[in-house]
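Engineer: The structure file data09.txt (compact mmCIF, C-alpha atoms and all ligand atoms) is provided below.
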```txt
# COMPACT_ATOMS: atom_id res chain seq x y z
CA MET A 1 4.39 16.56 23.14
CA LYS A 2 6.25 16.98 26.47
CA SER A 3 10.02 17.52 26.13
CA SER A 4 10.71 14.45 28.32
CA THR A 5 8.67 12.29 25.90
CA LEU A 6 10.54 13.81 22.99
CA SER A 7 13.94 13.10 24.48
CA THR A 8 12.91 9.49 25.20
CA LEU A 9 11.90 9.17 21.55
CA THR A 10 15.21 10.67 20.44
CA LEU A 11 17.12 8.21 22.62
CA ILE A 12 15.20 5.19 21.29
CA TYR A 13 15.76 6.53 17.76
CA ALA A 14 19.52 6.88 18.26
CA LEU A 15 19.80 3.38 19.75
CA THR A 16 17.85 1.95 16.84
CA VAL A 17 20.09 3.55 14.22
CA ALA A 18 23.12 2.01 15.92
CA ALA A 19 21.51 -1.41 16.32
CA THR A 20 19.84 -1.85 12.93
CA PRO A 21 21.55 -4.54 10.81
CA THR A 22 21.52 -4.18 7.02
CA PRO A 23 18.91 -6.64 5.76
CA PRO A 24 19.29 -8.84 2.70
CA PHE A 25 17.51 -7.40 -0.34
CA VAL A 26 14.06 -8.76 -1.04
CA ASN A 27 14.90 -8.54 -4.74
CA SER A 28 17.31 -11.41 -4.44
CA THR A 29 14.39 -13.68 -3.49
CA LEU A 30 12.70 -12.85 -6.79
CA ALA A 31 15.31 -14.58 -8.93
CA THR A 32 14.05 -17.56 -10.92
CA THR A 33 15.95 -20.81 -11.42
CA SER A 34 17.92 -21.18 -14.63
CA HIS A 35 17.43 -24.97 -14.83
CA SER A 36 13.77 -25.26 -15.91
CA PRO A 37 12.91 -24.57 -19.58
CA ARG A 38 11.53 -21.07 -20.03
CA ALA A 39 8.36 -20.20 -21.91
CA ARG A 40 8.74 -17.78 -24.82
CA CYS A 41 6.45 -14.79 -24.41
CA GLY A 42 7.00 -12.72 -27.55
CA ASN A 43 8.95 -9.49 -27.97
CA GLY A 44 12.07 -11.49 -27.07
CA ARG A 45 10.86 -12.02 -23.53
CA SER A 46 10.52 -15.24 -21.61
CA ALA A 47 9.04 -16.45 -18.33
CA SER A 48 9.48 -19.38 -16.00
CA ASN A 49 5.78 -20.17 -16.47
CA LYS A 50 3.67 -19.66 -19.62
CA GLN A 51 0.89 -18.15 -17.49
CA CYS A 52 3.14 -15.20 -16.71
CA CYS A 53 3.50 -14.14 -20.36
CA VAL A 54 0.27 -12.14 -20.48
CA TRP A 55 1.58 -9.95 -17.66
CA TYR A 56 4.33 -8.56 -19.90
CA ASP A 57 1.62 -7.27 -22.25
CA VAL A 58 -0.34 -5.84 -19.31
CA LEU A 59 2.88 -4.24 -18.04
CA ASP A 60 3.57 -2.50 -21.38
CA ASP A 61 0.00 -1.17 -21.54
CA ILE A 62 -0.06 0.02 -17.90
CA GLN A 63 3.30 1.75 -18.14
CA ALA A 64 2.52 3.52 -21.41
CA ASN A 65 -1.11 4.46 -20.78
CA LEU A 66 -2.25 4.24 -17.15
CA PHE A 67 1.04 5.44 -15.66
CA ASP A 68 1.83 7.87 -18.54
CA GLY A 69 5.34 6.54 -19.18
CA GLU A 70 6.40 4.89 -15.91
CA GLU A 71 5.39 7.88 -13.77
CA CYS A 72 4.96 7.86 -10.01
CA GLY A 73 1.96 10.17 -10.38
CA GLU A 74 -1.67 10.33 -9.31
CA ASP A 75 -2.68 7.07 -10.99
CA ALA A 76 0.24 5.22 -9.41
CA HIS A 77 -0.78 6.52 -5.97
CA ASP A 78 -4.39 5.52 -6.58
CA ALA A 79 -3.35 2.05 -7.77
CA LEU A 80 -1.42 1.49 -4.54
CA ARG A 81 -4.26 2.73 -2.34
CA LEU A 82 -6.70 0.50 -4.24
CA SER A 83 -4.63 -2.60 -3.43
CA PHE A 84 -5.19 -1.97 0.29
CA HIS A 85 -8.88 -1.14 -0.01
CA ASP A 86 -9.54 -4.36 -1.94
CA ALA A 87 -7.40 -6.63 0.26
CA ILE A 88 -8.52 -5.39 3.68
CA GLY A 89 -12.14 -6.23 2.83
CA TYR A 90 -11.90 -9.58 4.58
CA SER A 91 -13.24 -10.57 7.98
CA PRO A 92 -13.04 -14.12 9.38
CA LEU A 93 -14.76 -12.67 12.47
CA LEU A 94 -17.89 -11.82 10.46
CA LYS A 95 -17.72 -15.18 8.68
CA SER A 96 -17.59 -16.97 12.05
CA ARG A 97 -20.90 -15.27 12.83
CA ARG A 98 -22.29 -16.52 9.51
CA LEU A 99 -22.29 -13.00 8.08
CA PRO A 100 -20.75 -11.98 4.72
CA GLY A 101 -17.03 -11.38 5.37
CA GLY A 102 -15.63 -10.46 1.93
CA GLY A 103 -12.92 -12.20 -0.08
CA GLY A 104 -9.84 -10.02 0.60
CA ALA A 105 -7.51 -9.38 -2.34
CA ASP A 106 -10.07 -10.75 -4.78
CA GLY A 107 -10.96 -7.77 -6.99
CA SER A 108 -14.40 -7.37 -5.41
CA ILE A 109 -13.91 -3.60 -5.35
CA ILE A 110 -13.93 -3.75 -9.18
CA LYS A 111 -16.55 -6.44 -9.74
CA TYR A 112 -18.93 -4.99 -7.15
CA ALA A 113 -17.88 -1.37 -7.69
CA SER A 114 -21.43 -0.04 -7.44
CA THR A 115 -21.58 -1.40 -3.88
CA GLU A 116 -18.05 -0.92 -2.55
CA LEU A 117 -17.39 2.52 -4.06
CA SER A 118 -20.37 3.84 -2.10
CA TYR A 119 -18.49 3.12 1.15
CA HIS A 120 -17.05 6.29 2.71
CA PRO A 121 -13.31 5.38 2.80
CA ASN A 122 -13.38 4.40 -0.90
CA ALA A 123 -14.09 7.95 -2.10
CA GLY A 124 -11.79 8.94 -4.95
CA LEU A 125 -11.11 5.41 -6.24
CA GLU A 126 -13.68 5.54 -9.08
CA ASP A 127 -11.26 6.39 -11.91
CA ILE A 128 -8.63 3.81 -11.02
CA VAL A 129 -11.31 1.12 -10.61
CA ASN A 130 -12.66 1.89 -14.11
CA ASP A 131 -9.20 1.97 -15.68
CA GLU A 132 -8.11 -1.33 -14.11
CA LYS A 133 -11.43 -3.00 -14.99
CA ASP A 134 -10.87 -2.11 -18.67
CA LEU A 135 -7.32 -3.48 -18.56
CA ALA A 136 -8.35 -6.74 -16.89
CA ASP A 137 -11.19 -7.25 -19.39
CA LYS A 138 -8.89 -6.46 -22.33
CA TYR A 139 -6.25 -9.04 -21.34
CA GLY A 140 -8.57 -11.62 -19.75
CA VAL A 141 -6.92 -11.49 -16.33
CA SER A 142 -8.77 -11.44 -13.02
CA TYR A 143 -9.71 -8.29 -11.14
CA GLY A 144 -7.90 -9.46 -8.00
CA ASP A 145 -4.71 -9.98 -10.01
CA ILE A 146 -4.80 -6.68 -11.90
CA ILE A 147 -5.17 -4.74 -8.64
CA GLN A 148 -2.11 -6.30 -6.97
CA PHE A 149 -0.08 -6.23 -10.19
CA ALA A 150 -0.73 -2.53 -10.85
CA ALA A 151 0.14 -1.75 -7.23
CA ALA A 152 3.49 -3.56 -7.51
CA VAL A 153 4.28 -1.71 -10.75
CA SER A 154 3.23 1.62 -9.22
CA VAL A 155 5.66 1.23 -6.30
CA ARG A 156 8.49 0.27 -8.63
CA ASN A 157 7.87 3.49 -10.62
CA CYS A 158 8.54 5.64 -7.56
CA LYS A 159 12.16 6.48 -6.73
CA GLY A 160 13.20 4.39 -3.74
CA GLY A 161 10.30 1.96 -4.21
CA PRO A 162 11.20 -1.74 -3.81
CA ARG A 163 10.34 -4.63 -6.11
CA ILE A 164 7.24 -6.36 -4.76
CA PRO A 165 6.60 -10.07 -5.50
CA PHE A 166 3.55 -10.79 -7.68
CA MET A 167 1.47 -13.97 -7.65
CA ALA A 168 -1.08 -14.50 -10.47
CA GLY A 169 -4.23 -16.60 -10.70
CA ARG A 170 -6.71 -15.23 -8.16
CA PRO A 171 -10.17 -16.57 -8.92
CA ASP A 172 -13.13 -14.26 -9.56
CA PRO A 173 -14.69 -12.69 -6.47
CA THR A 174 -17.99 -14.13 -5.35
CA GLU A 175 -19.33 -11.44 -3.02
CA PRO A 176 -18.82 -7.74 -2.30
CA SER A 177 -16.89 -6.78 0.80
CA PRO A 178 -19.25 -5.68 3.57
CA GLU A 179 -19.06 -2.07 4.76
CA ASN A 180 -16.86 -0.79 7.64
CA LEU A 181 -13.82 -3.01 6.97
CA VAL A 182 -11.51 -0.28 5.57
CA PRO A 183 -9.92 1.74 8.40
CA GLU A 184 -10.73 5.45 8.62
CA PRO A 185 -8.18 8.11 9.65
CA PHE A 186 -10.38 9.03 12.63
CA ASP A 187 -10.50 5.44 13.98
CA SER A 188 -8.66 4.78 17.25
CA VAL A 189 -5.47 2.69 17.31
CA ASP A 190 -7.45 -0.04 19.13
CA GLN A 191 -10.03 -0.12 16.33
CA ILE A 192 -7.39 -0.09 13.58
CA LEU A 193 -5.24 -2.85 15.13
CA ALA A 194 -8.29 -5.03 15.80
CA ARG A 195 -9.45 -4.57 12.20
CA VAL A 196 -6.11 -5.45 10.58
CA LYS A 197 -5.64 -8.38 12.99
CA ASP A 198 -8.98 -9.78 11.84
CA ALA A 199 -7.71 -9.58 8.25
CA GLY A 200 -4.49 -11.38 9.27
CA LEU A 201 -1.98 -8.52 9.58
CA THR A 202 0.17 -7.79 12.65
CA PRO A 203 0.67 -4.26 14.05
CA GLN A 204 4.24 -4.40 12.68
CA GLU A 205 3.01 -5.24 9.19
CA LEU A 206 0.52 -2.39 9.29
CA VAL A 207 3.29 0.06 10.18
CA ASP A 208 5.40 -1.38 7.32
CA LEU A 209 2.53 -0.89 4.85
CA LEU A 210 2.06 2.73 5.86
CA ALA A 211 5.25 3.49 3.91
CA SER A 212 2.69 3.99 1.10
CA HIS A 213 1.81 7.28 2.71
CA SER A 214 5.32 8.48 1.85
CA ILE A 215 4.05 8.95 -1.72
CA GLY A 216 0.49 9.87 -0.75
CA LEU A 217 -1.73 12.91 -1.09
CA GLN A 218 -5.04 13.61 0.59
CA GLU A 219 -8.05 14.95 -1.23
CA HIS A 220 -11.10 13.82 0.68
CA VAL A 221 -10.26 14.21 4.37
CA ASP A 222 -10.21 18.00 3.89
CA SER A 223 -11.24 19.02 0.38
CA THR A 224 -10.27 22.66 1.02
CA VAL A 225 -6.61 21.56 0.82
CA ALA A 226 -7.01 18.76 -1.73
CA GLY A 227 -3.66 17.58 -3.11
CA MET A 228 -1.73 18.26 0.12
CA PRO A 229 0.93 15.52 0.59
CA LEU A 230 1.29 13.24 3.62
CA ASP A 231 5.04 13.88 3.82
CA THR A 232 7.35 16.60 2.45
CA THR A 233 8.78 14.38 -0.34
CA PRO A 234 5.69 12.83 -2.03
CA THR A 235 7.49 11.99 -5.29
CA VAL A 236 10.01 9.73 -3.52
CA PHE A 237 9.30 6.50 -1.69
CA ASP A 238 11.44 7.35 1.33
CA ASN A 239 11.34 7.06 5.10
CA ASN A 240 10.93 10.81 5.62
CA PHE A 241 7.30 9.96 6.29
CA TYR A 242 8.23 8.00 9.44
CA ARG A 243 10.75 10.58 10.65
CA GLU A 244 8.43 13.55 10.13
CA MET A 245 5.56 11.81 11.91
CA LEU A 246 7.66 11.72 15.11
CA LEU A 247 7.83 15.54 15.21
CA PRO A 248 5.31 17.51 17.25
CA GLY A 249 2.53 19.22 15.27
CA PHE A 250 2.17 23.04 15.12
CA TYR A 251 -0.13 24.01 12.28
CA TRP A 252 -3.67 23.25 11.31
CA ILE A 253 -3.63 22.60 7.57
CA GLY A 254 -6.89 23.62 5.94
CA THR A 255 -9.99 23.53 8.12
CA GLU A 256 -9.21 23.46 11.84
CA SER A 257 -9.76 20.11 13.58
CA VAL A 258 -11.37 18.41 10.59
CA LYS A 259 -12.32 14.79 11.40
CA GLY A 260 -9.33 12.47 10.81
CA ALA A 261 -6.66 15.22 10.76
CA VAL A 262 -4.26 16.53 13.41
CA LYS A 263 -1.81 19.45 13.55
CA SER A 264 1.20 19.16 11.22
CA PRO A 265 4.85 20.10 11.82
CA PHE A 266 5.01 21.72 8.34
CA ARG A 267 2.70 24.10 6.50
CA THR A 268 3.11 21.97 3.36
CA GLU A 269 2.19 18.60 4.86
CA PHE A 270 -1.16 17.11 5.87
CA ARG A 271 -1.18 14.77 8.84
CA LEU A 272 -3.69 11.96 9.29
CA GLN A 273 -4.78 11.35 12.87
CA SER A 274 -4.31 7.58 12.43
CA ASP A 275 -0.67 7.95 11.29
CA TRP A 276 0.04 10.35 14.16
CA ALA A 277 -1.51 8.02 16.74
CA LEU A 278 0.20 4.86 15.40
CA ALA A 279 3.57 6.66 15.64
CA ARG A 280 2.94 7.16 19.37
CA ASP A 281 1.27 3.95 20.52
CA MET A 282 3.39 1.48 22.54
CA ARG A 283 2.32 -1.40 20.26
CA THR A 284 3.59 0.28 17.09
CA ILE A 285 6.15 2.93 18.07
CA TRP A 286 9.11 0.52 17.99
CA GLU A 287 8.53 -0.50 14.38
CA TRP A 288 7.86 3.13 13.52
CA ILE A 289 11.22 4.28 14.90
CA THR A 290 13.01 1.32 13.32
CA LEU A 291 11.74 2.32 9.86
CA ALA A 292 12.47 6.00 10.54
CA SER A 293 16.09 4.95 11.01
CA SER A 294 16.65 2.93 7.82
CA GLN A 295 15.50 3.41 4.23
CA SER A 296 16.60 -0.09 3.17
CA LEU A 297 14.79 -1.71 6.09
CA MET A 298 11.68 0.28 5.24
CA ALA A 299 11.83 -0.80 1.59
CA ASN A 300 12.42 -4.47 2.41
CA ARG A 301 9.75 -4.73 5.08
CA PHE A 302 7.28 -2.89 2.89
CA ALA A 303 7.84 -5.39 0.06
CA THR A 304 7.42 -8.36 2.42
CA SER A 305 4.25 -6.96 4.00
CA MET A 306 2.79 -5.99 0.61
CA ALA A 307 3.35 -9.56 -0.60
CA LYS A 308 1.42 -10.81 2.43
CA MET A 309 -1.37 -8.26 2.02
CA ALA A 310 -1.76 -9.26 -1.64
CA LEU A 311 -2.67 -12.79 -0.50
CA ILE A 312 -5.34 -11.90 2.08
CA GLY A 313 -8.27 -14.27 1.59
CA GLN A 314 -6.40 -16.16 -1.17
CA ASN A 315 -4.95 -19.66 -1.41
CA PRO A 316 -1.28 -19.19 -2.44
CA ARG A 317 -1.01 -22.86 -3.47
CA VAL A 318 -3.18 -22.27 -6.55
CA LEU A 319 -1.28 -19.15 -7.63
CA THR A 320 1.73 -18.83 -9.95
CA ASP A 321 4.78 -16.76 -9.07
CA CYS A 322 5.13 -14.12 -11.81
CA SER A 323 7.36 -11.79 -9.79
CA GLU A 324 9.93 -11.72 -12.60
CA VAL A 325 7.55 -9.54 -14.68
CA ILE A 326 7.79 -6.66 -12.19
CA PRO A 327 10.59 -4.38 -13.48
CA LEU A 328 13.71 -3.86 -11.40
CA PRO A 329 13.57 -0.94 -8.96
CA ARG A 330 14.44 2.50 -10.17
CA SER A 331 17.62 4.14 -8.99
CA ARG A 332 16.95 6.94 -6.50
CA ASN A 333 18.94 9.31 -8.73
CA ASN A 334 16.90 9.20 -11.95
C1 LIG B 1 -4.65 2.62 9.23
C2 LIG B 1 -4.70 2.39 7.95
C3 LIG B 1 -4.92 3.45 6.92
C4 LIG B 1 -5.71 4.56 6.96
C5 LIG B 1 -6.62 5.03 8.08
C6 LIG B 1 -5.52 5.26 5.70
C7 LIG B 1 -6.15 6.43 5.34
C8 LIG B 1 -5.86 7.17 4.22
C9 LIG B 1 -6.47 8.43 3.87
C10 LIG B 1 -7.58 9.10 4.65
C11 LIG B 1 -5.89 8.86 2.73
C12 LIG B 1 -6.23 10.14 1.96
C13 LIG B 1 -7.24 9.78 0.89
C14 LIG B 1 -7.81 11.00 0.21
O1 LIG B 1 -8.14 11.95 0.89
O2 LIG B 1 -7.93 10.98 -1.03
C15 LIG B 1 -4.92 7.89 2.34
C16 LIG B 1 -4.13 7.98 1.21
C17 LIG B 1 -3.37 6.94 0.75
N1 LIG B 1 -3.25 5.69 1.31
FE1 LIG B 1 -3.88 5.16 3.14
N2 LIG B 1 -4.62 4.56 4.94
C18 LIG B 1 -4.24 3.46 5.64
C19 LIG B 1 -3.38 2.47 5.20
C20 LIG B 1 -2.89 2.39 3.92
C21 LIG B 1 -2.22 1.25 3.36
C22 LIG B 1 -1.95 -0.04 4.13
C23 LIG B 1 -1.91 1.55 2.07
C24 LIG B 1 -1.22 0.72 1.02
C25 LIG B 1 -0.67 -0.45 1.20
C26 LIG B 1 -2.35 2.91 1.84
C27 LIG B 1 -2.14 3.61 0.68
C28 LIG B 1 -2.46 4.95 0.50
C29 LIG B 1 -2.00 5.74 -0.62
C30 LIG B 1 -1.06 5.31 -1.74
C31 LIG B 1 -2.59 7.01 -0.47
C32 LIG B 1 -2.41 8.21 -1.40
C33 LIG B 1 -3.50 8.25 -2.41
C34 LIG B 1 -3.33 9.43 -3.36
O3 LIG B 1 -2.32 10.12 -3.32
O4 LIG B 1 -4.26 9.65 -4.15
N3 LIG B 1 -2.96 3.38 2.97
N4 LIG B 1 -4.91 6.86 3.25
CA CA B 2 -11.93 -7.31 -1.87
```
As structure tokens, what does this structure read like?
Ligand code: HEM
Ligand SMILES: [Ca+2]
Structural biologist:
Amino acid sequence: MKSSTLSTLTLIYALTVAATPTPPFVNSTLATTSHSPRARCGNGRSASNKQCCVWYDVLDDIQANLFDGEECGEDAHDALRLSFHDAIGYSPLLKSRRLPGGGGADGSIIKYASTELSYHPNAGLEDIVNDEKDLADKYGVSYGDIIQFAAAVSVRNCKGGPRIPFMAGRPDPTEPSPENLVPEPFDSVDQILARVKDAGLTPQELVDLLASHSIGLQEHVDSTVAGMPLDTTPTVFDNNFYREMLLPGFYWIGTESVKGAVKSPFRTEFRLQSDWALARDMRTIWEWITLASSQSLMANRFATSMAKMALIGQNPRVLTDCSEVIPLPRSRNN
């Protein structure tokens, strides 16, 4: 990057830090009213709606078994990635041409796993799909619900991760998502923004959702350096990811110029071409710098955009708000 471009970035960054107001916490919107009678769920727990009770049992099982005791480990990362790969499989554009357009956050990636897991960007999701299928079948909940629920729990298990709202009651999927709807790291910014717009997400919301890469590892872009993180603090859900992405790249990590990768500023960090390009495009750079400047803003906007993503292709009016089942966020110090 030219030094003039870098100093412009630094200036915008400094202005943003000064101008960023502290946002209200998303968590406060999750509170339930104390006036309506509460359903008893067993184990001394209660819920505003009887339909939410089953999610406490799913929560206990997920935390003990899938996430090995509330860990922010590999399965938690996979669960979060799966929520995107299921939800983004939705295209009103294809439907308008009378072609199959997928059902969004409907669990199709589990129900039609033999089809969707053969798509290139879904490599590596086999284990989490099998584990979540077993859980959904065991508790009689839908595949679309289990995917978004596990993702919300996974984020909460990571230090710094916000509490994401959870709506239950997605109906069974009726068709597999067609191929080529999940963005690839080698896609251009034009292609990526057009794709997410078709699914109903703005460029700002996409940038918000990329906070997930702050706890992400790569394995399949370059398998010679499998396990290399996408920021230098992969066990913490923090905005280092956004700050580091603004730095110029120096080192090829793994195989030189592998498709979908670019040079990294650190020898211990793998950089996706798509993240690098989105941090430099005029349509997305402002949101990028805003999030680089504020951890609380990043956490709040991520939670809001995740809640929206979890409803892609769904009718929120038929769903029940079971957000209260998602545990409170973890302190960043334990
Ligand atoms: C432009 C959009 C995106 C592209 C091109 C993209 C691409 C990728 C790629 C190539 C990887 C590495 C996968 C591997 O090698 O195993 C990855 C990891 C990951 N992505 Fe994305 N991603 C995008 C958006 C998102 C979104 C919106 C989410 C969640 C809301 C997400 C969640 C994750 C997570 C959690 C990982 C880490 C997985 C792990 O550690 O096993 N990504 N992404
Ligand atoms: Ca889907």
Engineer: Grab me every residue within 8 Å of ligand CA 2 (chain B), counting only C-alpha atoms and all ligand atoms, and send it over as a PyMOL selection string.
Structural biologist: chain A and resi 85-90+102-109+144+173+176-177
Engineer: Here is a test: counting all atoms listed in the file, which residue of A:Glu116, A:Asp60, A:Glu219, A:Asp198 is nearest to ligand LIG 1 (chain B)?
Structural biologist: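 The closest residue to ligand LIG 1 (chain B) is A:Glu219.
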Engineer: Show me, as a ChimeraX atom specification, the residues that have an atom within 9 Å of Glu287 (chain A) when counting all atoms listed in the file, minus same-chain residues fewer than 6 positions from it.
Structural biologist: /A:203-205,207-208,279
Engineer: Considering only C-alpha atoms and all ligand atoms, can you say which of A:Asp134, A:Glu74, A:Glu179, A:Glu126 comes closest to ligand LIG 1 (chain B)?
Structural biologist: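 Ranking A:Asp134, A:Glu74, A:Glu179, A:Glu126 by distance to ligand LIG 1 (chain B), first place goes to A:Glu74.
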Engineer: Could you list the protein, DNA and RNA residues that have any atom within 7 Å of ligand LIG 1 (chain B), counting only C-alpha atoms and all ligand atoms, and write them as a VMD selection string?
Structural biologist: chain A and resid 74 77 to 78 80 to 81 83 to 84 123 to 124 183 to 185 192 206 209 to 210 212 to 213 215 to 221 272 274 to 275 306
Engineer: For Leu328 (chain A), work out the shell of residues within 10 Å, counting all atoms listed in the file and skipping chain neighbours fewer than 4 positions away, then give it as a VMD selection string.
Structural biologist: chain A and resid 27 153 156 to 157 161 to 164 324
Engineer: Using all atoms listed in the file, which residue out of A:Pro265, A:Pro37, A:Pro121, A:Gly42 lies closest to Val182 (chain A)?
Structural biologist: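 Of A:Pro265, A:Pro37, A:Pro121, A:Gly42, the one nearest Val182 (chain A), counting all atoms listed in the file, is A:Pro121.
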Engineer: Between CA of Val189 (chain A) and CA of Ala303 (chain A), what is the distance, to one decimal in Å?
Structural biologist: 23.2 Å
Engineer: What separation in Å, quoted to one decimal, exists between CA of Leu247 (chain A) and CA of Met228 (chain A)?
Structural biologist: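 Computing the Euclidean distance for CA of Leu247 (chain A) and CA of Met228 (chain A) yields 18.1 Å.
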Engineer: Using only C-alpha atoms for the distances, tell me which of A:Asn180, A:Ser118, A:Gln273, A:Thr233 is nearest to Gly249 (chain A).
Structural biologist: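 Comparing A:Asn180, A:Ser118, A:Gln273, A:Thr233 against Gly249 (chain A), the winner is A:Gln273.
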Engineer: Any idea what the distance is between CA of Ile62 (chain A) and CA of Ala150 (chain A)?
Structural biologist: 7.5 Å
Engineer: With distances taken over only C-alpha atoms, which of A:Ser264, A:Ser305, A:Asn239, A:Asn315 is nearest to Trp288 (chain A)?
Structural biologist: A:Asn239
Engineer: Go through A:Leu230, A:Pro165, A:Leu125, A:Gly69 one by one, measure the shortest atom-to-atom distance of each to Val325 (chain A) using all atoms listed in the file, and give the residue with the smallest value.
Structural biologist: A:Pro165
Engineer: What's around Lys263 (chain A) at 12 Å? Count all atoms listed in the file, leave out sequence neighbours fewer than 6 positions away in its own chain, and write the answer as an mmCIF file with C-alpha atoms, in the frame of the given file.
Structural biologist:
```cif
data_model
loop_
_atom_site.group_PDB
_atom_site.id
_atom_site.type_symbol
_atom_site.label_atom_id
_atom_site.label_comp_id
_atom_site.auth_asym_id
_atom_site.auth_seq_id
_atom_site.Cartn_x
_atom_site.Cartn_y
_atom_site.Cartn_z
ATOM 1 C CA MET A 1 4.390 16.560 23.140
ATOM 2 C CA MET A 245 5.560 11.810 11.910
ATOM 3 C CA LEU A 247 7.830 15.540 15.210
ATOM 4 C CA PRO A 248 5.310 17.510 17.250
ATOM 5 C CA GLY A 249 2.530 19.220 15.270
ATOM 6 C CA PHE A 250 2.170 23.040 15.120
ATOM 7 C CA TYR A 251 -0.130 24.010 12.280
ATOM 8 C CA TRP A 252 -3.670 23.250 11.310
ATOM 9 C CA ILE A 253 -3.630 22.600 7.570
ATOM 10 C CA GLY A 254 -6.890 23.620 5.940
ATOM 11 C CA THR A 255 -9.990 23.530 8.120
ATOM 12 C CA GLU A 256 -9.210 23.460 11.840
ATOM 13 C CA SER A 257 -9.760 20.110 13.580
ATOM 14 C CA GLU A 269 2.190 18.600 4.860
ATOM 15 C CA PHE A 270 -1.160 17.110 5.870
ATOM 16 C CA ARG A 271 -1.180 14.770 8.840
ATOM 17 C CA LEU A 272 -3.690 11.960 9.290
ATOM 18 C CA GLN A 273 -4.780 11.350 12.870
ATOM 19 C CA ASP A 275 -0.670 7.950 11.290
ATOM 20 C CA TRP A 276 0.040 10.350 14.160
ATOM 21 C CA ALA A 277 -1.510 8.020 16.740
#
```
Engineer: Show me as number ranges by chain the residues that reach within 12 Å of (-22.5, -0.5, -13.2), counting all atoms listed in the file and using the file's own coordinates.
Structural biologist: A: 110-117, 126, 129-130, 133
Engineer: With the input short on atoms, add N, CA and C atoms back to region 269-283 of chain A and write it as a PDB file, in the coordinates of the input.
Structural biologist:
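Writing the result to selection36.pdb gives the following:
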```pdb
ATOM      1  N   GLU A 269       2.416  20.039   4.660  1.00  0.00           N
ATOM      2  CA  GLU A 269       2.190  18.600   4.860  1.00  0.00           C
ATOM      3  C   GLU A 269       0.901  18.391   5.644  1.00  0.00           C
ATOM      4  N   PHE A 270       0.100  17.416   5.200  1.00  0.00           N
ATOM      5  CA  PHE A 270      -1.160  17.110   5.870  1.00  0.00           C
ATOM      6  C   PHE A 270      -0.959  15.850   6.715  1.00  0.00           C
ATOM      7  N   ARG A 271      -1.428  15.900   7.950  1.00  0.00           N
ATOM      8  CA  ARG A 271      -1.180  14.770   8.840  1.00  0.00           C
ATOM      9  C   ARG A 271      -2.484  14.055   9.191  1.00  0.00           C
ATOM     10  N   LEU A 272      -2.511  12.749   8.919  1.00  0.00           N
ATOM     11  CA  LEU A 272      -3.690  11.960   9.290  1.00  0.00           C
ATOM     12  C   LEU A 272      -3.599  11.612  10.774  1.00  0.00           C
ATOM     13  N   GLN A 273      -4.735  11.677  11.446  1.00  0.00           N
ATOM     14  CA  GLN A 273      -4.780  11.350  12.870  1.00  0.00           C
ATOM     15  C   GLN A 273      -4.302   9.924  13.127  1.00  0.00           C
ATOM     16  N   SER A 274      -4.679   8.986  12.231  1.00  0.00           N
ATOM     17  CA  SER A 274      -4.310   7.580  12.430  1.00  0.00           C
ATOM     18  C   SER A 274      -2.787   7.402  12.363  1.00  0.00           C
ATOM     19  N   ASP A 275      -2.128   8.065  11.402  1.00  0.00           N
ATOM     20  CA  ASP A 275      -0.670   7.950  11.290  1.00  0.00           C
ATOM     21  C   ASP A 275      -0.008   8.522  12.557  1.00  0.00           C
ATOM     22  N   TRP A 276      -0.497   9.682  12.974  1.00  0.00           N
ATOM     23  CA  TRP A 276       0.040  10.350  14.160  1.00  0.00           C
ATOM     24  C   TRP A 276      -0.088   9.450  15.398  1.00  0.00           C
ATOM     25  N   ALA A 277      -1.258   8.842  15.558  1.00  0.00           N
ATOM     26  CA  ALA A 277      -1.510   8.020  16.740  1.00  0.00           C
ATOM     27  C   ALA A 277      -0.690   6.715  16.703  1.00  0.00           C
ATOM     28  N   LEU A 278      -0.575   6.106  15.515  1.00  0.00           N
ATOM     29  CA  LEU A 278       0.200   4.860  15.400  1.00  0.00           C
ATOM     30  C   LEU A 278       1.686   5.107  15.661  1.00  0.00           C
ATOM     31  N   ALA A 279       2.161   6.334  15.377  1.00  0.00           N
ATOM     32  CA  ALA A 279       3.570   6.660  15.640  1.00  0.00           C
ATOM     33  C   ALA A 279       3.833   6.870  17.122  1.00  0.00           C
ATOM     34  N   ARG A 280       2.775   6.888  17.929  1.00  0.00           N
ATOM     35  CA  ARG A 280       2.940   7.160  19.370  1.00  0.00           C
ATOM     36  C   ARG A 280       2.402   6.056  20.275  1.00  0.00           C
ATOM     37  N   ASP A 281       1.837   5.023  19.712  1.00  0.00           N
ATOM     38  CA  ASP A 281       1.270   3.950  20.520  1.00  0.00           C
ATOM     39  C   ASP A 281       2.354   2.921  20.867  1.00  0.00           C
ATOM     40  N   MET A 282       2.333   2.409  22.104  1.00  0.00           N
ATOM     41  CA  MET A 282       3.390   1.480  22.540  1.00  0.00           C
ATOM     42  C   MET A 282       3.441   0.203  21.700  1.00  0.00           C
ATOM     43  N   ARG A 283       2.336  -0.169  21.049  1.00  0.00           N
ATOM     44  CA  ARG A 283       2.320  -1.400  20.260  1.00  0.00           C
ATOM     45  C   ARG A 283       2.976  -1.213  18.882  1.00  0.00           C
TER      46      ARG A 283
END
```
